[in-house]
Amino acid sequence: FPQFAINGYHTTAVDAAWIVTIAAWPKPVVCLAVGCIARRSRSSGVCAVVMFIFLIVFTFMGLNAPQAGRTMELTILVILATAAQAAFGSVFFAMLQEAHIPARITGTVVGFVSVVGYSPDLFSPPLLGYIMDTHPGFVGNQRTMLVGAGFALLGSIPALWLLTLLSRSSEAHVANAKSETTPLFTICGKAP
């Protein structure tokens, strides 16, 4: 975000650092609030909303032509992105519980999700570096934001799938309350 602020909004390096610092302050409050929301609703729903927020923020930053001096706009966008990242981290393990993942395979599931979820970290730096080298300045910054929007779009697909799957499994579980199988496996047609 600092390079985006400097190149797009023409802030100083100090102002860019200030914006990123300000964006980190609400993280604890966001985590607590999201935990309360997820407890009363669905963690998978929170995850889907978070992916949508990422998609909107990164698309806006990738397509919008910012004007110098509009640091409040930038601050709000950075706060939204930072809050969404904190929100996602705060509901990750709650989604495992909501999906009724058996304890004996939780480690495998977390490992698989980590490989898939963190795989962008493997190829993002070279990809984003290539984009910045071939499109220096703000144009490169915008294109990197569009890459982030692409990752958010890709992430929203499994998030919406999980939300749909868990919604159906809850309906199936309510209809068959005496069943010994967990809702996730009931909808998949397999018993644990």
# chains A, B, ... in the order shown; residues from 1 in each chain; ligands from 1
call {"tool": "residues_around", "arguments": {"residues": "segment 33-38 of chain A", "least_positions_apart": "2", "cutoff": "12 Å", "atoms": "only C-alpha atoms", "output": "ChimeraX atom specification"}}
result
/A:26-31,40-50,83-95,97-98
call {"tool": "closest_atom_pairs", "arguments": {"of": "segment 31-122 of chain A", "to": "segment 136-142 of chain A", "cutoff": "9 Å", "atoms": "only C-alpha atoms", "output": "CSV"}}
result
residue,atom,partner,partner_atom,distance
A:Phe58,CA,A:Gln142,CA,8.8
A:Thr59,CA,A:Gln142,CA,8.9
A:Met61,CA,A:Gln142,CA,6.5
A:Gly62,CA,A:Gln142,CA,4.2
A:Leu63,CA,A:Gln142,CA,6.8
A:Asn64,CA,A:Gln142,CA,8.4
call {"tool": "write_last_selection", "arguments": {"atoms": "C-alpha atoms", "output": "mmCIF file, in the first residue's frame"}}
result
data_model
loop_
_atom_site.group_PDB
_atom_site.id
_atom_site.type_symbol
_atom_site.label_atom_id
_atom_site.label_comp_id
_atom_site.auth_asym_id
_atom_site.auth_seq_id
_atom_site.Cartn_x
_atom_site.Cartn_y
_atom_site.Cartn_z
ATOM 1 C CA PHE A 58 -8.799 -4.282 -4.894
ATOM 2 C CA THR A 59 -10.962 -3.758 -7.989
ATOM 3 C CA MET A 61 -7.919 0.453 -6.354
ATOM 4 C CA GLY A 62 -6.985 -1.238 -9.614
ATOM 5 C CA LEU A 63 -9.453 0.655 -11.809
ATOM 6 C CA ASN A 64 -9.844 4.024 -10.079
#
call {"tool": "closest_residue", "arguments": {"among": "A:Trp25, A:Phe151, A:Tyr118, A:Tyr9", "to": "Leu55 of chain A", "atoms": "only C-alpha atoms"}}
result
A:Phe151
call {"tool": "atom_distance", "arguments": {"atom1": "atom CA of Ala65 of chain A", "atom2": "atom CA of Thr11 of chain A"}}
result
14.7 Å
call {"tool": "select_by_dssp", "arguments": {"residues": "segment 67-116 of chain A", "states": "alpha helix (DSSP H)", "output": "PDB file with C-alpha atoms, in the first residue's frame"}}
result
ATOM      1  CA  THR A  71      -5.805  10.563   1.463  1.00  0.00           C
ATOM      2  CA  MET A  72      -9.042   9.915   3.364  1.00  0.00           C
ATOM      3  CA  GLU A  73     -10.254   7.758   0.455  1.00  0.00           C
ATOM      4  CA  LEU A  74      -6.985   5.845   0.480  1.00  0.00           C
ATOM      5  CA  THR A  75      -7.060   5.490   4.266  1.00  0.00           C
ATOM      6  CA  ILE A  76     -10.564   4.008   4.150  1.00  0.00           C
ATOM      7  CA  LEU A  77      -9.558   1.543   1.417  1.00  0.00           C
ATOM      8  CA  VAL A  78      -6.456   0.441   3.310  1.00  0.00           C
ATOM      9  CA  ILE A  79      -8.434   0.104   6.552  1.00  0.00           C
ATOM     10  CA  LEU A  80     -11.049  -2.019   4.755  1.00  0.00           C
ATOM     11  CA  ALA A  81      -8.399  -4.302   3.255  1.00  0.00           C
ATOM     12  CA  THR A  82      -6.546  -4.640   6.557  1.00  0.00           C
ATOM     13  CA  ALA A  83      -9.772  -5.251   8.479  1.00  0.00           C
ATOM     14  CA  ALA A  84     -10.859  -7.883   5.954  1.00  0.00           C
ATOM     15  CA  GLN A  85      -7.528  -9.666   6.333  1.00  0.00           C
ATOM     16  CA  ALA A  86      -7.884  -9.645  10.132  1.00  0.00           C
ATOM     17  CA  ALA A  87     -11.501 -10.823   9.884  1.00  0.00           C
ATOM     18  CA  PHE A  88     -10.557 -13.762   7.684  1.00  0.00           C
ATOM     19  CA  GLY A  89      -7.841 -14.857  10.084  1.00  0.00           C
ATOM     20  CA  SER A  90     -10.188 -14.636  13.042  1.00  0.00           C
ATOM     21  CA  VAL A  91     -12.799 -17.025  11.587  1.00  0.00           C
ATOM     22  CA  PHE A  92     -10.539 -19.594   9.927  1.00  0.00           C
ATOM     23  CA  PHE A  93     -10.641 -22.221  12.674  1.00  0.00           C
ATOM     24  CA  ALA A  94     -14.294 -21.487  13.407  1.00  0.00           C
ATOM     25  CA  MET A  95     -15.039 -22.546   9.820  1.00  0.00           C
ATOM     26  CA  LEU A  96     -13.446 -25.920  10.551  1.00  0.00           C
ATOM     27  CA  GLN A  97     -15.739 -26.336  13.529  1.00  0.00           C
ATOM     28  CA  GLU A  98     -18.761 -25.157  11.540  1.00  0.00           C
ATOM     29  CA  THR A 106      -8.158 -31.500  11.247  1.00  0.00           C
ATOM     30  CA  GLY A 107      -4.376 -31.394  10.773  1.00  0.00           C
ATOM     31  CA  THR A 108      -4.689 -32.736   7.236  1.00  0.00           C
ATOM     32  CA  VAL A 109      -7.411 -30.232   6.396  1.00  0.00           C
ATOM     33  CA  VAL A 110      -5.409 -27.322   7.836  1.00  0.00           C
ATOM     34  CA  GLY A 111      -2.344 -28.483   5.905  1.00  0.00           C
ATOM     35  CA  PHE A 112      -4.267 -28.728   2.641  1.00  0.00           C
ATOM     36  CA  VAL A 113      -5.959 -25.365   3.141  1.00  0.00           C
ATOM     37  CA  SER A 114      -2.590 -23.806   3.987  1.00  0.00           C
ATOM     38  CA  VAL A 115      -0.985 -25.152   0.817  1.00  0.00           C
ATOM     39  CA  VAL A 116      -3.865 -23.885  -1.309  1.00  0.00           C
TER      40      VAL A 116
END
call {"tool": "closest_residue", "arguments": {"among": "A:Gly148, A:Gln67, A:Ile105, A:Pro2", "to": "Ala16 of chain A", "atoms": "only C-alpha atoms"}}
result
A:Pro2
call {"tool": "atom_distance", "arguments": {"atom1": "atom CA of Thr144 of chain A", "atom2": "atom CA of Phe60 of chain A"}}
result
12.1 Å
call {"tool": "residues_around", "arguments": {"residues": "Pro120 of chain A", "least_positions_apart": "3", "cutoff": "12 Å", "atoms": "only C-alpha atoms", "output": "PyMOL selection string"}}
result
chain A and resi 114-117+123-128+147-148+150-152+154-155
call {"tool": "atom_distance", "arguments": {"atom1": "atom CA of Ser167 of chain A", "atom2": "atom CA of Ala149 of chain A"}}
result
26.2 Å
call {"tool": "closest_residue", "arguments": {"among": "A:Thr134, A:Thr164, A:Ser156, A:Asn7", "to": "Ala99 of chain A", "atoms": "only C-alpha atoms"}}
result
A:Thr164
call {"tool": "decode", "arguments": {"residues": "segment 58-94 of chain A", "atoms": "N, CA, C and O atoms", "output": "short mmCIF file (atom, residue, chain, number, x, y, z; two decimals), in the first residue's frame"}}
result
data_model
loop_
_atom_site.label_atom_id
_atom_site.label_comp_id
_atom_site.auth_asym_id
_atom_site.auth_seq_id
_atom_site.Cartn_x
_atom_site.Cartn_y
_atom_site.Cartn_z
N PHE A 58 -9.89 -4.15 -3.93
CA PHE A 58 -8.80 -4.28 -4.89
C PHE A 58 -9.23 -3.90 -6.31
O PHE A 58 -8.44 -3.35 -7.07
N THR A 59 -10.47 -4.18 -6.67
CA THR A 59 -10.96 -3.76 -7.99
C THR A 59 -11.03 -2.24 -8.06
O THR A 59 -10.60 -1.63 -9.05
N PHE A 60 -11.55 -1.61 -7.02
CA PHE A 60 -11.61 -0.14 -6.99
C PHE A 60 -10.21 0.46 -7.10
O PHE A 60 -9.99 1.38 -7.87
N MET A 61 -9.27 -0.09 -6.33
CA MET A 61 -7.92 0.45 -6.35
C MET A 61 -7.24 0.19 -7.69
O MET A 61 -6.42 0.98 -8.14
N GLY A 62 -7.59 -0.91 -8.34
CA GLY A 62 -6.99 -1.24 -9.61
C GLY A 62 -7.56 -0.48 -10.79
O GLY A 62 -6.88 -0.28 -11.80
N LEU A 63 -8.81 -0.02 -10.68
CA LEU A 63 -9.45 0.65 -11.81
C LEU A 63 -9.64 2.16 -11.61
O LEU A 63 -9.82 2.89 -12.58
N ASN A 64 -9.60 2.61 -10.38
CA ASN A 64 -9.84 4.02 -10.08
C ASN A 64 -8.61 4.87 -10.37
O ASN A 64 -7.49 4.44 -10.11
N ALA A 65 -8.82 6.04 -10.88
CA ALA A 65 -7.73 7.00 -11.07
C ALA A 65 -7.76 7.98 -9.89
O ALA A 65 -8.56 8.91 -9.87
N PRO A 66 -6.93 7.75 -8.87
CA PRO A 66 -6.99 8.59 -7.68
C PRO A 66 -6.50 10.00 -7.95
O PRO A 66 -5.77 10.25 -8.90
N GLN A 67 -6.93 10.89 -7.09
CA GLN A 67 -6.51 12.27 -7.20
C GLN A 67 -5.62 12.60 -6.00
O GLN A 67 -5.88 12.14 -4.89
N ALA A 68 -4.62 13.39 -6.25
CA ALA A 68 -3.70 13.80 -5.19
C ALA A 68 -4.48 14.50 -4.08
O ALA A 68 -5.42 15.24 -4.33
N GLY A 69 -4.10 14.22 -2.87
CA GLY A 69 -4.72 14.86 -1.72
C GLY A 69 -5.93 14.13 -1.17
O GLY A 69 -6.45 14.52 -0.13
N ARG A 70 -6.40 13.10 -1.82
CA ARG A 70 -7.57 12.37 -1.33
C ARG A 70 -7.12 11.23 -0.43
O ARG A 70 -7.45 10.07 -0.64
N THR A 71 -6.37 11.58 0.58
CA THR A 71 -5.80 10.56 1.46
C THR A 71 -6.87 9.88 2.32
O THR A 71 -6.66 8.75 2.74
N MET A 72 -7.98 10.55 2.58
CA MET A 72 -9.04 9.91 3.36
C MET A 72 -9.61 8.72 2.59
O MET A 72 -9.87 7.67 3.17
N GLU A 73 -9.79 8.87 1.29
CA GLU A 73 -10.25 7.76 0.45
C GLU A 73 -9.28 6.58 0.54
O GLU A 73 -9.69 5.44 0.76
N LEU A 74 -8.01 6.88 0.40
CA LEU A 74 -6.98 5.84 0.48
C LEU A 74 -6.96 5.20 1.87
O LEU A 74 -6.87 3.97 1.99
N THR A 75 -7.07 6.01 2.90
CA THR A 75 -7.06 5.49 4.27
C THR A 75 -8.22 4.52 4.49
O THR A 75 -8.04 3.45 5.06
N ILE A 76 -9.39 4.88 4.01
CA ILE A 76 -10.56 4.01 4.15
C ILE A 76 -10.35 2.69 3.40
O ILE A 76 -10.64 1.61 3.93
N LEU A 77 -9.81 2.76 2.20
CA LEU A 77 -9.56 1.54 1.42
C LEU A 77 -8.54 0.64 2.11
O LEU A 77 -8.73 -0.59 2.18
N VAL A 78 -7.49 1.23 2.63
CA VAL A 78 -6.46 0.44 3.31
C VAL A 78 -7.01 -0.14 4.61
O VAL A 78 -6.73 -1.30 4.94
N ILE A 79 -7.81 0.62 5.33
CA ILE A 79 -8.43 0.10 6.55
C ILE A 79 -9.37 -1.07 6.22
O ILE A 79 -9.36 -2.09 6.91
N LEU A 80 -10.16 -0.93 5.15
CA LEU A 80 -11.05 -2.02 4.76
C LEU A 80 -10.27 -3.28 4.41
O LEU A 80 -10.64 -4.39 4.83
N ALA A 81 -9.20 -3.13 3.64
CA ALA A 81 -8.40 -4.30 3.25
C ALA A 81 -7.74 -4.94 4.47
O ALA A 81 -7.73 -6.17 4.61
N THR A 82 -7.21 -4.12 5.35
CA THR A 82 -6.55 -4.64 6.56
C THR A 82 -7.56 -5.30 7.49
O THR A 82 -7.29 -6.36 8.06
N ALA A 83 -8.73 -4.68 7.63
CA ALA A 83 -9.77 -5.25 8.48
C ALA A 83 -10.28 -6.57 7.90
O ALA A 83 -10.52 -7.52 8.65
N ALA A 84 -10.41 -6.64 6.59
CA ALA A 84 -10.86 -7.88 5.95
C ALA A 84 -9.84 -9.00 6.18
O ALA A 84 -10.22 -10.15 6.46
N GLN A 85 -8.58 -8.67 6.10
CA GLN A 85 -7.53 -9.67 6.33
C GLN A 85 -7.59 -10.17 7.78
O GLN A 85 -7.50 -11.36 8.04
N ALA A 86 -7.78 -9.26 8.72
CA ALA A 86 -7.88 -9.64 10.13
C ALA A 86 -9.15 -10.47 10.37
O ALA A 86 -9.12 -11.45 11.12
N ALA A 87 -10.24 -10.10 9.73
CA ALA A 87 -11.50 -10.82 9.88
C ALA A 87 -11.37 -12.25 9.37
O ALA A 87 -11.85 -13.19 10.01
N PHE A 88 -10.72 -12.42 8.23
CA PHE A 88 -10.56 -13.76 7.68
C PHE A 88 -9.74 -14.64 8.63
O PHE A 88 -10.11 -15.79 8.90
N GLY A 89 -8.67 -14.09 9.15
CA GLY A 89 -7.84 -14.86 10.08
C GLY A 89 -8.57 -15.22 11.36
O GLY A 89 -8.31 -16.27 11.96
N SER A 90 -9.50 -14.38 11.78
CA SER A 90 -10.19 -14.64 13.04
C SER A 90 -11.28 -15.70 12.93
O SER A 90 -11.70 -16.24 13.95
N VAL A 91 -11.75 -16.01 11.72
CA VAL A 91 -12.80 -17.02 11.59
C VAL A 91 -12.32 -18.32 10.96
O VAL A 91 -13.09 -19.26 10.79
N PHE A 92 -11.04 -18.42 10.63
CA PHE A 92 -10.54 -19.59 9.93
C PHE A 92 -10.84 -20.89 10.68
O PHE A 92 -11.43 -21.82 10.14
N PHE A 93 -10.44 -20.98 11.93
CA PHE A 93 -10.64 -22.22 12.67
C PHE A 93 -12.11 -22.43 13.04
O PHE A 93 -12.56 -23.57 13.20
N ALA A 94 -12.85 -21.35 13.16
CA ALA A 94 -14.29 -21.49 13.41
C ALA A 94 -14.98 -22.14 12.21
O ALA A 94 -15.96 -22.88 12.37
#
